[in-house]
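Have a look at final_35.txt; it's compact mmCIF, N, CA and C atoms:
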# COMPACT_ATOMS: atom_id res chain seq x y z
N MET Y 1 -51.16 0.78 33.15
CA MET Y 1 -51.28 -0.50 33.88
C MET Y 1 -51.53 -1.62 32.87
N THR Y 2 -50.73 -2.68 32.94
CA THR Y 2 -50.95 -3.78 32.00
C THR Y 2 -52.02 -4.72 32.54
N ARG Y 3 -52.77 -5.25 31.62
CA ARG Y 3 -53.82 -6.17 32.04
C ARG Y 3 -53.22 -7.54 32.33
N ALA Y 4 -53.75 -8.18 33.34
CA ALA Y 4 -53.27 -9.52 33.67
C ALA Y 4 -53.72 -10.50 32.60
N THR Y 5 -52.82 -11.42 32.24
CA THR Y 5 -53.17 -12.45 31.29
C THR Y 5 -53.44 -13.76 32.02
N ILE Y 6 -54.54 -14.37 31.66
CA ILE Y 6 -54.91 -15.62 32.32
C ILE Y 6 -54.96 -16.74 31.29
N LEU Y 7 -54.27 -17.81 31.59
CA LEU Y 7 -54.27 -18.97 30.69
C LEU Y 7 -55.30 -19.98 31.19
N ILE Y 8 -56.18 -20.39 30.29
CA ILE Y 8 -57.18 -21.40 30.63
C ILE Y 8 -56.77 -22.72 29.98
N ILE Y 9 -56.62 -23.76 30.79
CA ILE Y 9 -56.33 -25.09 30.22
C ILE Y 9 -57.50 -26.01 30.57
N ASP Y 10 -58.26 -26.37 29.56
CA ASP Y 10 -59.39 -27.28 29.77
C ASP Y 10 -59.67 -27.97 28.45
N ASP Y 11 -59.97 -29.27 28.50
CA ASP Y 11 -60.24 -29.99 27.25
C ASP Y 11 -61.66 -29.76 26.76
N GLU Y 12 -62.51 -29.16 27.59
CA GLU Y 12 -63.89 -28.92 27.18
C GLU Y 12 -64.03 -27.51 26.60
N GLU Y 13 -64.31 -27.45 25.31
CA GLU Y 13 -64.39 -26.16 24.63
C GLU Y 13 -65.45 -25.24 25.26
N PRO Y 14 -66.66 -25.76 25.61
CA PRO Y 14 -67.67 -24.86 26.20
C PRO Y 14 -67.21 -24.22 27.51
N ILE Y 15 -66.44 -24.95 28.29
CA ILE Y 15 -65.93 -24.39 29.55
C ILE Y 15 -64.92 -23.28 29.24
N ARG Y 16 -64.05 -23.55 28.26
CA ARG Y 16 -63.07 -22.51 27.89
C ARG Y 16 -63.79 -21.26 27.40
N ALA Y 17 -64.83 -21.46 26.59
CA ALA Y 17 -65.57 -20.32 26.04
C ALA Y 17 -66.25 -19.54 27.16
N LEU Y 18 -66.82 -20.25 28.11
CA LEU Y 18 -67.50 -19.59 29.23
C LEU Y 18 -66.50 -18.76 30.04
N LEU Y 19 -65.37 -19.37 30.36
CA LEU Y 19 -64.36 -18.67 31.15
C LEU Y 19 -63.79 -17.49 30.39
N ARG Y 20 -63.53 -17.70 29.10
CA ARG Y 20 -63.00 -16.60 28.30
C ARG Y 20 -63.96 -15.41 28.31
N PHE Y 21 -65.23 -15.72 28.09
CA PHE Y 21 -66.26 -14.68 28.05
C PHE Y 21 -66.29 -13.90 29.37
N ALA Y 22 -66.33 -14.63 30.48
CA ALA Y 22 -66.44 -13.99 31.79
C ALA Y 22 -65.17 -13.19 32.12
N LEU Y 23 -64.00 -13.76 31.82
CA LEU Y 23 -62.74 -13.10 32.18
C LEU Y 23 -62.50 -11.87 31.30
N GLU Y 24 -62.83 -11.98 30.01
CA GLU Y 24 -62.64 -10.82 29.13
C GLU Y 24 -63.59 -9.70 29.52
N ALA Y 25 -64.82 -10.08 29.89
CA ALA Y 25 -65.79 -9.08 30.33
C ALA Y 25 -65.29 -8.37 31.58
N ALA Y 26 -64.50 -9.08 32.38
CA ALA Y 26 -63.96 -8.49 33.61
C ALA Y 26 -62.67 -7.72 33.34
N GLY Y 27 -62.23 -7.71 32.06
CA GLY Y 27 -61.09 -6.88 31.70
C GLY Y 27 -59.75 -7.60 31.62
N TYR Y 28 -59.76 -8.92 31.67
CA TYR Y 28 -58.50 -9.66 31.60
C TYR Y 28 -58.20 -10.10 30.17
N GLU Y 29 -56.91 -10.26 29.93
CA GLU Y 29 -56.43 -10.85 28.68
C GLU Y 29 -56.52 -12.37 28.86
N VAL Y 30 -56.99 -13.09 27.84
CA VAL Y 30 -57.17 -14.53 28.00
C VAL Y 30 -56.47 -15.31 26.89
N THR Y 31 -55.78 -16.38 27.25
CA THR Y 31 -55.32 -17.34 26.25
C THR Y 31 -55.84 -18.70 26.66
N GLU Y 32 -56.01 -19.58 25.67
CA GLU Y 32 -56.60 -20.89 25.96
C GLU Y 32 -55.71 -22.00 25.45
N ALA Y 33 -55.82 -23.15 26.11
CA ALA Y 33 -55.17 -24.35 25.61
C ALA Y 33 -56.06 -25.54 25.95
N ALA Y 34 -56.06 -26.52 25.06
CA ALA Y 34 -56.93 -27.68 25.25
C ALA Y 34 -56.21 -28.83 25.94
N ASN Y 35 -54.89 -28.72 26.08
CA ASN Y 35 -54.16 -29.81 26.74
C ASN Y 35 -52.88 -29.28 27.38
N ARG Y 36 -52.22 -30.16 28.07
CA ARG Y 36 -51.06 -29.78 28.86
C ARG Y 36 -49.92 -29.23 28.01
N ARG Y 37 -49.60 -29.96 26.94
CA ARG Y 37 -48.45 -29.57 26.11
C ARG Y 37 -48.64 -28.14 25.58
N GLU Y 38 -49.85 -27.95 25.01
CA GLU Y 38 -50.18 -26.64 24.45
C GLU Y 38 -50.19 -25.58 25.56
N GLY Y 39 -50.72 -25.96 26.71
CA GLY Y 39 -50.81 -25.02 27.83
C GLY Y 39 -49.44 -24.57 28.30
N LEU Y 40 -48.53 -25.52 28.45
CA LEU Y 40 -47.18 -25.18 28.91
C LEU Y 40 -46.47 -24.30 27.90
N GLU Y 41 -46.65 -24.63 26.62
CA GLU Y 41 -46.04 -23.83 25.57
C GLU Y 41 -46.55 -22.39 25.61
N ARG Y 42 -47.86 -22.28 25.73
CA ARG Y 42 -48.46 -20.95 25.75
C ARG Y 42 -48.02 -20.16 26.96
N TYR Y 43 -47.91 -20.84 28.08
CA TYR Y 43 -47.52 -20.13 29.30
C TYR Y 43 -46.08 -19.64 29.18
N ARG Y 44 -45.22 -20.51 28.63
CA ARG Y 44 -43.83 -20.11 28.42
C ARG Y 44 -43.77 -18.89 27.52
N HIS Y 45 -44.55 -18.96 26.44
CA HIS Y 45 -44.56 -17.88 25.46
C HIS Y 45 -45.06 -16.58 26.10
N SER Y 46 -46.12 -16.67 26.88
CA SER Y 46 -46.73 -15.47 27.45
C SER Y 46 -45.76 -14.80 28.42
N ARG Y 47 -44.88 -15.60 29.03
CA ARG Y 47 -43.95 -15.01 29.98
C ARG Y 47 -42.77 -14.35 29.29
N ARG Y 48 -42.56 -14.70 28.02
CA ARG Y 48 -41.47 -14.07 27.27
C ARG Y 48 -41.89 -12.71 26.76
N THR Y 49 -43.19 -12.51 26.60
CA THR Y 49 -43.65 -11.28 25.97
C THR Y 49 -44.09 -10.24 26.99
N MET B 50 -51.37 -15.94 35.58
CA MET B 50 -52.26 -16.84 36.31
C MET B 50 -52.78 -17.92 35.37
N ILE B 51 -52.96 -19.09 35.93
CA ILE B 51 -53.44 -20.22 35.13
C ILE B 51 -54.69 -20.81 35.78
N ILE B 52 -55.73 -21.00 34.98
CA ILE B 52 -56.90 -21.73 35.46
C ILE B 52 -56.91 -23.05 34.71
N THR B 53 -56.79 -24.16 35.42
CA THR B 53 -56.69 -25.42 34.71
C THR B 53 -57.60 -26.51 35.25
N ASP B 54 -58.18 -27.25 34.31
CA ASP B 54 -58.91 -28.45 34.67
C ASP B 54 -57.86 -29.50 35.03
N ILE B 55 -58.04 -30.17 36.16
CA ILE B 55 -57.04 -31.18 36.51
C ILE B 55 -57.62 -32.58 36.44
N ALA B 56 -58.79 -32.71 35.81
CA ALA B 56 -59.38 -34.04 35.69
C ALA B 56 -59.74 -34.32 34.24
N MET B 57 -58.79 -34.04 33.35
CA MET B 57 -59.05 -34.29 31.95
C MET B 57 -58.75 -35.75 31.63
N PRO B 58 -59.61 -36.38 30.83
CA PRO B 58 -59.50 -37.82 30.63
C PRO B 58 -58.19 -38.28 30.01
N GLU B 59 -57.64 -37.50 29.09
CA GLU B 59 -56.48 -38.00 28.35
C GLU B 59 -55.16 -37.74 29.04
N LEU B 60 -55.22 -37.06 30.18
CA LEU B 60 -53.95 -36.82 30.87
C LEU B 60 -54.16 -36.72 32.36
N ASN B 61 -53.09 -36.86 33.05
CA ASN B 61 -53.13 -36.77 34.49
C ASN B 61 -52.92 -35.32 34.93
N GLY B 62 -54.01 -34.73 35.39
CA GLY B 62 -53.97 -33.32 35.75
C GLY B 62 -53.03 -33.05 36.91
N VAL B 63 -52.87 -34.03 37.78
CA VAL B 63 -51.97 -33.83 38.92
C VAL B 63 -50.53 -33.71 38.42
N ASP B 64 -50.19 -34.55 37.44
CA ASP B 64 -48.86 -34.45 36.82
C ASP B 64 -48.66 -33.06 36.23
N MET B 65 -49.73 -32.58 35.58
CA MET B 65 -49.63 -31.28 34.93
C MET B 65 -49.39 -30.19 35.95
N LEU B 66 -50.12 -30.29 37.06
CA LEU B 66 -49.98 -29.30 38.11
C LEU B 66 -48.55 -29.29 38.64
N LEU B 67 -48.01 -30.49 38.84
CA LEU B 67 -46.63 -30.61 39.31
C LEU B 67 -45.69 -29.94 38.32
N GLU B 68 -45.90 -30.22 37.05
CA GLU B 68 -45.04 -29.66 36.01
C GLU B 68 -45.13 -28.14 36.00
N LEU B 69 -46.36 -27.64 36.10
CA LEU B 69 -46.56 -26.19 36.09
C LEU B 69 -45.88 -25.53 37.27
N THR B 70 -46.10 -26.09 38.46
CA THR B 70 -45.55 -25.43 39.64
C THR B 70 -44.04 -25.61 39.72
N ARG B 71 -43.53 -26.71 39.14
CA ARG B 71 -42.09 -26.93 39.15
C ARG B 71 -41.40 -25.97 38.19
N GLN B 72 -41.99 -25.82 37.00
CA GLN B 72 -41.36 -24.96 35.99
C GLN B 72 -41.59 -23.49 36.23
N PHE B 73 -42.75 -23.20 36.77
CA PHE B 73 -43.12 -21.79 36.96
C PHE B 73 -43.45 -21.60 38.42
N LEU B 74 -42.41 -21.43 39.18
CA LEU B 74 -42.53 -21.43 40.63
C LEU B 74 -43.54 -20.41 41.14
N TYR B 75 -43.64 -19.29 40.43
CA TYR B 75 -44.51 -18.24 40.93
C TYR B 75 -45.85 -18.17 40.21
N ALA B 76 -46.13 -19.18 39.40
CA ALA B 76 -47.43 -19.18 38.71
C ALA B 76 -48.54 -19.34 39.74
N LYS B 77 -49.55 -18.52 39.60
CA LYS B 77 -50.72 -18.68 40.46
C LYS B 77 -51.69 -19.60 39.73
N VAL B 78 -52.04 -20.69 40.37
CA VAL B 78 -52.89 -21.69 39.70
C VAL B 78 -54.21 -21.85 40.44
N ILE B 79 -55.29 -21.80 39.67
CA ILE B 79 -56.61 -22.16 40.19
C ILE B 79 -56.98 -23.48 39.51
N ALA B 80 -57.27 -24.51 40.29
CA ALA B 80 -57.55 -25.83 39.74
C ALA B 80 -59.04 -26.13 39.75
N ILE B 81 -59.50 -26.74 38.66
CA ILE B 81 -60.90 -27.12 38.53
C ILE B 81 -60.97 -28.61 38.27
N SER B 82 -61.89 -29.29 38.92
CA SER B 82 -62.05 -30.72 38.61
C SER B 82 -63.45 -30.95 38.08
N GLY B 83 -63.62 -32.08 37.38
CA GLY B 83 -64.91 -32.43 36.82
C GLY B 83 -65.92 -32.71 37.92
N ALA B 84 -67.20 -32.70 37.54
CA ALA B 84 -68.24 -32.99 38.52
C ALA B 84 -68.14 -34.45 38.94
N GLY B 85 -68.55 -34.73 40.16
CA GLY B 85 -68.63 -36.14 40.56
C GLY B 85 -67.58 -36.60 41.54
N GLY B 86 -67.64 -36.05 42.73
CA GLY B 86 -66.89 -36.57 43.86
C GLY B 86 -65.40 -36.70 43.66
N GLU B 87 -64.79 -35.66 43.14
CA GLU B 87 -63.33 -35.72 42.99
C GLU B 87 -62.65 -34.78 43.97
N GLN B 88 -63.25 -34.64 45.12
CA GLN B 88 -62.70 -33.73 46.13
C GLN B 88 -61.25 -34.10 46.45
N ASN B 89 -60.94 -35.39 46.45
CA ASN B 89 -59.57 -35.82 46.75
C ASN B 89 -58.57 -35.19 45.79
N VAL B 90 -58.96 -35.15 44.52
CA VAL B 90 -58.07 -34.58 43.50
C VAL B 90 -57.81 -33.12 43.83
N LEU B 91 -58.87 -32.44 44.26
CA LEU B 91 -58.72 -31.01 44.57
C LEU B 91 -57.86 -30.81 45.82
N ASP B 92 -58.00 -31.72 46.77
CA ASP B 92 -57.15 -31.64 47.97
C ASP B 92 -55.68 -31.81 47.58
N VAL B 93 -55.42 -32.77 46.70
CA VAL B 93 -54.05 -32.99 46.22
C VAL B 93 -53.56 -31.75 45.49
N ALA B 94 -54.44 -31.15 44.67
CA ALA B 94 -54.08 -29.94 43.93
C ALA B 94 -53.63 -28.84 44.88
N LYS B 95 -54.35 -28.70 45.98
CA LYS B 95 -53.98 -27.67 46.98
C LYS B 95 -52.60 -27.96 47.55
N LEU B 96 -52.38 -29.23 47.87
CA LEU B 96 -51.08 -29.62 48.43
C LEU B 96 -49.97 -29.30 47.45
N LEU B 97 -50.26 -29.42 46.16
CA LEU B 97 -49.25 -29.19 45.13
C LEU B 97 -49.13 -27.72 44.74
N GLY B 98 -49.88 -26.89 45.41
CA GLY B 98 -49.65 -25.47 45.19
C GLY B 98 -50.78 -24.69 44.54
N ALA B 99 -51.90 -25.34 44.24
CA ALA B 99 -53.02 -24.59 43.67
C ALA B 99 -53.52 -23.60 44.72
N ARG B 100 -53.73 -22.33 44.30
CA ARG B 100 -54.17 -21.32 45.26
C ARG B 100 -55.61 -21.57 45.70
N GLN B 101 -56.44 -21.92 44.70
CA GLN B 101 -57.85 -22.17 45.00
C GLN B 101 -58.31 -23.33 44.13
N THR B 102 -59.39 -23.98 44.55
CA THR B 102 -59.91 -25.11 43.78
C THR B 102 -61.42 -24.98 43.62
N PHE B 103 -61.89 -25.44 42.47
CA PHE B 103 -63.33 -25.42 42.19
C PHE B 103 -63.73 -26.74 41.57
N GLN B 104 -64.98 -27.13 41.84
CA GLN B 104 -65.51 -28.34 41.23
C GLN B 104 -66.59 -27.94 40.22
N LYS B 105 -66.58 -28.59 39.06
CA LYS B 105 -67.62 -28.30 38.07
C LYS B 105 -68.94 -28.91 38.56
N PRO B 106 -70.09 -28.29 38.37
CA PRO B 106 -70.24 -26.96 37.77
C PRO B 106 -69.91 -25.89 38.81
N PHE B 107 -69.03 -24.96 38.42
CA PHE B 107 -68.63 -23.93 39.37
C PHE B 107 -69.41 -22.64 39.10
N SER B 108 -69.43 -21.75 40.07
CA SER B 108 -70.10 -20.47 39.90
C SER B 108 -69.12 -19.48 39.28
N VAL B 109 -69.52 -18.91 38.15
CA VAL B 109 -68.64 -17.97 37.45
C VAL B 109 -68.31 -16.74 38.33
N PRO B 110 -69.31 -16.15 39.00
CA PRO B 110 -68.97 -15.01 39.87
C PRO B 110 -67.98 -15.40 40.97
N GLN B 111 -68.12 -16.59 41.52
CA GLN B 111 -67.17 -17.02 42.57
C GLN B 111 -65.77 -17.20 42.00
N LEU B 112 -65.71 -17.74 40.80
CA LEU B 112 -64.40 -17.93 40.17
C LEU B 112 -63.74 -16.58 39.87
N LEU B 113 -64.54 -15.65 39.36
CA LEU B 113 -64.00 -14.31 39.08
C LEU B 113 -63.49 -13.65 40.35
N GLN B 114 -64.22 -13.85 41.43
CA GLN B 114 -63.81 -13.30 42.71
C GLN B 114 -62.47 -13.90 43.13
N ALA B 115 -62.32 -15.20 42.90
CA ALA B 115 -61.07 -15.88 43.25
C ALA B 115 -59.92 -15.34 42.41
N VAL B 116 -60.16 -15.12 41.12
CA VAL B 116 -59.14 -14.58 40.22
C VAL B 116 -58.69 -13.21 40.72
N ARG B 117 -59.66 -12.38 41.00
CA ARG B 117 -59.38 -11.02 41.47
C ARG B 117 -58.54 -11.08 42.75
N TYR B 118 -58.97 -11.91 43.68
CA TYR B 118 -58.28 -12.03 44.96
C TYR B 118 -56.83 -12.48 44.75
N GLU B 119 -56.65 -13.51 43.96
CA GLU B 119 -55.30 -14.07 43.79
C GLU B 119 -54.37 -13.12 43.04
N LEU B 120 -54.92 -12.35 42.11
CA LEU B 120 -54.07 -11.39 41.40
C LEU B 120 -53.64 -10.25 42.31
N ASP B 121 -54.45 -9.99 43.32
CA ASP B 121 -54.14 -8.90 44.25
C ASP B 121 -53.21 -9.33 45.38
N HIS B 122 -53.05 -10.63 45.58
CA HIS B 122 -52.29 -11.10 46.75
C HIS B 122 -51.05 -11.90 46.36

Would you mind writing the structure in this file as structure tokens?
Amino acid sequence: MTRATILIIDDEEPIRALLRFALEAAGYEVTEAANRREGLERYRHSRRT
Amino acid sequence: MIITDIAMPELNGVDMLLELTRQFLYAKVIAISGAGGEQNVLDVAKLLGARQTFQKPFSVPQLLQAVRYELDH
């Protein structure tokens, strides 16, 4: 079973860190982006892999 | 799945949501807005396709529950 990947887009680093910590502890794969452009790029990339 | 802040100062989160849902029709999006009476933004987010919405400060257990639910449905 593949783990679900969750993309977090938030400009506040502490919020991203909190979400990453909680989601990884729950067993999810996490990627982060600080803005829209980066977020869209990462999401596109994650769907190719 | 995408968890995104839609009230970031340097960009319009609603635009971003539109772009996300337009480009990735099946993306499951959970939208978060900053603290301070931005319920309208969250209502708009729902209309634009966000599965669930949260306002900062949000409860981490509640958010995890939402993630679990949306991944299962």

Inset, instruction - Enter the distance from CA of Ala115 (chain B) to CA of Gly27 (chain Y), in Å, rounded to one decimal. - result: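 One can read the CA of Ala115 (chain B) to CA of Gly27 (chain Y) distance as 14.6 Å.
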
DSSP on the backbone, alpha helix (DSSP H) only: what residues of chain Y does that give? Format it as a short mmCIF file (atom, residue, chain, number, x, y, z; two decimals) with N, CA and C atoms, in the coordinates of the input.
data_model
loop_
_atom_site.label_atom_id
_atom_site.label_comp_id
_atom_site.auth_asym_id
_atom_site.auth_seq_id
_atom_site.Cartn_x
_atom_site.Cartn_y
_atom_site.Cartn_z
N GLU Y 13 -64.31 -27.45 25.31
CA GLU Y 13 -64.39 -26.16 24.63
C GLU Y 13 -65.45 -25.24 25.26
N PRO Y 14 -66.66 -25.76 25.61
CA PRO Y 14 -67.67 -24.86 26.20
C PRO Y 14 -67.21 -24.22 27.51
N ILE Y 15 -66.44 -24.95 28.29
CA ILE Y 15 -65.93 -24.39 29.55
C ILE Y 15 -64.92 -23.28 29.24
N ARG Y 16 -64.05 -23.55 28.26
CA ARG Y 16 -63.07 -22.51 27.89
C ARG Y 16 -63.79 -21.26 27.40
N ALA Y 17 -64.83 -21.46 26.59
CA ALA Y 17 -65.57 -20.32 26.04
C ALA Y 17 -66.25 -19.54 27.16
N LEU Y 18 -66.82 -20.25 28.11
CA LEU Y 18 -67.50 -19.59 29.23
C LEU Y 18 -66.50 -18.76 30.04
N LEU Y 19 -65.37 -19.37 30.36
CA LEU Y 19 -64.36 -18.67 31.15
C LEU Y 19 -63.79 -17.49 30.39
N ARG Y 20 -63.53 -17.70 29.10
CA ARG Y 20 -63.00 -16.60 28.30
C ARG Y 20 -63.96 -15.41 28.31
N PHE Y 21 -65.23 -15.72 28.09
CA PHE Y 21 -66.26 -14.68 28.05
C PHE Y 21 -66.29 -13.90 29.37
N ALA Y 22 -66.33 -14.63 30.48
CA ALA Y 22 -66.44 -13.99 31.79
C ALA Y 22 -65.17 -13.19 32.12
N LEU Y 23 -64.00 -13.76 31.82
CA LEU Y 23 -62.74 -13.10 32.18
C LEU Y 23 -62.50 -11.87 31.30
N GLU Y 24 -62.83 -11.98 30.01
CA GLU Y 24 -62.64 -10.82 29.13
C GLU Y 24 -63.59 -9.70 29.52
N ALA Y 25 -64.82 -10.08 29.89
CA ALA Y 25 -65.79 -9.08 30.33
C ALA Y 25 -65.29 -8.37 31.58
N ARG Y 36 -52.22 -30.16 28.07
CA ARG Y 36 -51.06 -29.78 28.86
C ARG Y 36 -49.92 -29.23 28.01
N ARG Y 37 -49.60 -29.96 26.94
CA ARG Y 37 -48.45 -29.57 26.11
C ARG Y 37 -48.64 -28.14 25.58
N GLU Y 38 -49.85 -27.95 25.01
CA GLU Y 38 -50.18 -26.64 24.45
C GLU Y 38 -50.19 -25.58 25.56
N GLY Y 39 -50.72 -25.96 26.71
CA GLY Y 39 -50.81 -25.02 27.83
C GLY Y 39 -49.44 -24.57 28.30
N LEU Y 40 -48.53 -25.52 28.45
CA LEU Y 40 -47.18 -25.18 28.91
C LEU Y 40 -46.47 -24.30 27.90
N GLU Y 41 -46.65 -24.63 26.62
CA GLU Y 41 -46.04 -23.83 25.57
C GLU Y 41 -46.55 -22.39 25.61
N ARG Y 42 -47.86 -22.28 25.73
CA ARG Y 42 -48.46 -20.95 25.75
C ARG Y 42 -48.02 -20.16 26.96
N TYR Y 43 -47.91 -20.84 28.08
CA TYR Y 43 -47.52 -20.13 29.30
C TYR Y 43 -46.08 -19.64 29.18
N ARG Y 44 -45.22 -20.51 28.63
CA ARG Y 44 -43.83 -20.11 28.42
C ARG Y 44 -43.77 -18.89 27.52
N HIS Y 45 -44.55 -18.96 26.44
CA HIS Y 45 -44.56 -17.88 25.46
C HIS Y 45 -45.06 -16.58 26.10
N SER Y 46 -46.12 -16.67 26.88
CA SER Y 46 -46.73 -15.47 27.45
C SER Y 46 -45.76 -14.80 28.42
N ARG Y 47 -44.88 -15.60 29.03
CA ARG Y 47 -43.95 -15.01 29.98
C ARG Y 47 -42.77 -14.35 29.29
N ARG Y 48 -42.56 -14.70 28.02
CA ARG Y 48 -41.47 -14.07 27.27
C ARG Y 48 -41.89 -12.71 26.76
#

Inset, instruction - Measure the distance from CA of Ala99 (chain B) to atom C of Leu113 (chain B) in Å and round it to one decimal. - result: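 We find that CA of Ala99 (chain B) and atom C of Leu113 (chain B) lie 15.5 Å from each other.
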
Inset, instruction - Give me, please, the distance in Å between CA of Gly83 (chain B) and CA of Gln104 (chain B), quoted to one decimal. - result: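 Going from CA of Gly83 (chain B) over to CA of Gln104 (chain B) covers 6.0 Å.
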
Per residue of chain Y within 6 Å of chain B, note the shortest atom pair and the distance in Å to one decimal, counting all atoms listed in the file, and order the rows by chain and increasing residue number, as CSV.
residue,atom,partner,partner_atom,distance
Y:Thr5,C,B:Met50,N,4.7
Y:Ile6,CA,B:Met50,C,4.4
Y:Leu7,C,B:Ile52,N,3.9
Y:Ile8,CA,B:Ile52,C,4.4
Y:Ile9,N,B:Ile52,C,4.0
Y:Asp10,CA,B:Asp54,N,4.7

Inset, instruction - Write out as a list in words which residues come within 7 Å of Leu97 (chain B) when counting all atoms listed in the file, dropping same-chain ones fewer than 2 positions away. - result: Leu66, Leu67, Thr70, Asp92, Val93, Ala94, Lys95 and Ala99 of chain B

Legend entry - DSSP strand (DSSP E or B) residues within chain B, listed as a PyMOL selection string: chain B and resi 51-54+78-82+101-104

Legend entry - Of the listed residues B:Phe107, B:Arg100, B:Val90, B:Gln114, that which approaches Leu23 (chain Y) most closely, counting only C-alpha atoms: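 Residue with the minimum atom-to-atom distance to Leu23 (chain Y): B:Gln114.
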
List every protein, DNA or RNA residue that has an atom no more than 8 Å from (-54.0, -22.3, 25.2) in the file's coordinate frame, counting only C-alpha atoms, and report them as a PDB file with N, CA and C atoms, keeping the file's coordinate frame.
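Saved to result35.pdb:
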ATOM      1  N   LEU Y   7     -54.270 -17.810  31.590  1.00  0.00           N
ATOM      2  CA  LEU Y   7     -54.270 -18.970  30.690  1.00  0.00           C
ATOM      3  C   LEU Y   7     -55.300 -19.980  31.190  1.00  0.00           C
ATOM      4  N   ILE Y   8     -56.180 -20.390  30.290  1.00  0.00           N
ATOM      5  CA  ILE Y   8     -57.180 -21.400  30.630  1.00  0.00           C
ATOM      6  C   ILE Y   8     -56.770 -22.720  29.980  1.00  0.00           C
ATOM      7  N   ILE Y   9     -56.620 -23.760  30.790  1.00  0.00           N
ATOM      8  CA  ILE Y   9     -56.330 -25.090  30.220  1.00  0.00           C
ATOM      9  C   ILE Y   9     -57.500 -26.010  30.570  1.00  0.00           C
ATOM     10  N   THR Y  31     -55.780 -16.380  27.250  1.00  0.00           N
ATOM     11  CA  THR Y  31     -55.320 -17.340  26.250  1.00  0.00           C
ATOM     12  C   THR Y  31     -55.840 -18.700  26.660  1.00  0.00           C
ATOM     13  N   GLU Y  32     -56.010 -19.580  25.670  1.00  0.00           N
ATOM     14  CA  GLU Y  32     -56.600 -20.890  25.960  1.00  0.00           C
ATOM     15  C   GLU Y  32     -55.710 -22.000  25.450  1.00  0.00           C
ATOM     16  N   ALA Y  33     -55.820 -23.150  26.110  1.00  0.00           N
ATOM     17  CA  ALA Y  33     -55.170 -24.350  25.610  1.00  0.00           C
ATOM     18  C   ALA Y  33     -56.060 -25.540  25.950  1.00  0.00           C
ATOM     19  N   ALA Y  34     -56.060 -26.520  25.060  1.00  0.00           N
ATOM     20  CA  ALA Y  34     -56.930 -27.680  25.250  1.00  0.00           C
ATOM     21  C   ALA Y  34     -56.210 -28.830  25.940  1.00  0.00           C
ATOM     22  N   ASN Y  35     -54.890 -28.720  26.080  1.00  0.00           N
ATOM     23  CA  ASN Y  35     -54.160 -29.810  26.740  1.00  0.00           C
ATOM     24  C   ASN Y  35     -52.880 -29.280  27.380  1.00  0.00           C
ATOM     25  N   GLU Y  38     -49.850 -27.950  25.010  1.00  0.00           N
ATOM     26  CA  GLU Y  38     -50.180 -26.640  24.450  1.00  0.00           C
ATOM     27  C   GLU Y  38     -50.190 -25.580  25.560  1.00  0.00           C
ATOM     28  N   GLY Y  39     -50.720 -25.960  26.710  1.00  0.00           N
ATOM     29  CA  GLY Y  39     -50.810 -25.020  27.830  1.00  0.00           C
ATOM     30  C   GLY Y  39     -49.440 -24.570  28.300  1.00  0.00           C
ATOM     31  N   ARG Y  42     -47.860 -22.280  25.730  1.00  0.00           N
ATOM     32  CA  ARG Y  42     -48.460 -20.950  25.750  1.00  0.00           C
ATOM     33  C   ARG Y  42     -48.020 -20.160  26.960  1.00  0.00           C
ATOM     34  N   TYR Y  43     -47.910 -20.840  28.080  1.00  0.00           N
ATOM     35  CA  TYR Y  43     -47.520 -20.130  29.300  1.00  0.00           C
ATOM     36  C   TYR Y  43     -46.080 -19.640  29.180  1.00  0.00           C
TER      37      TYR Y  43
END
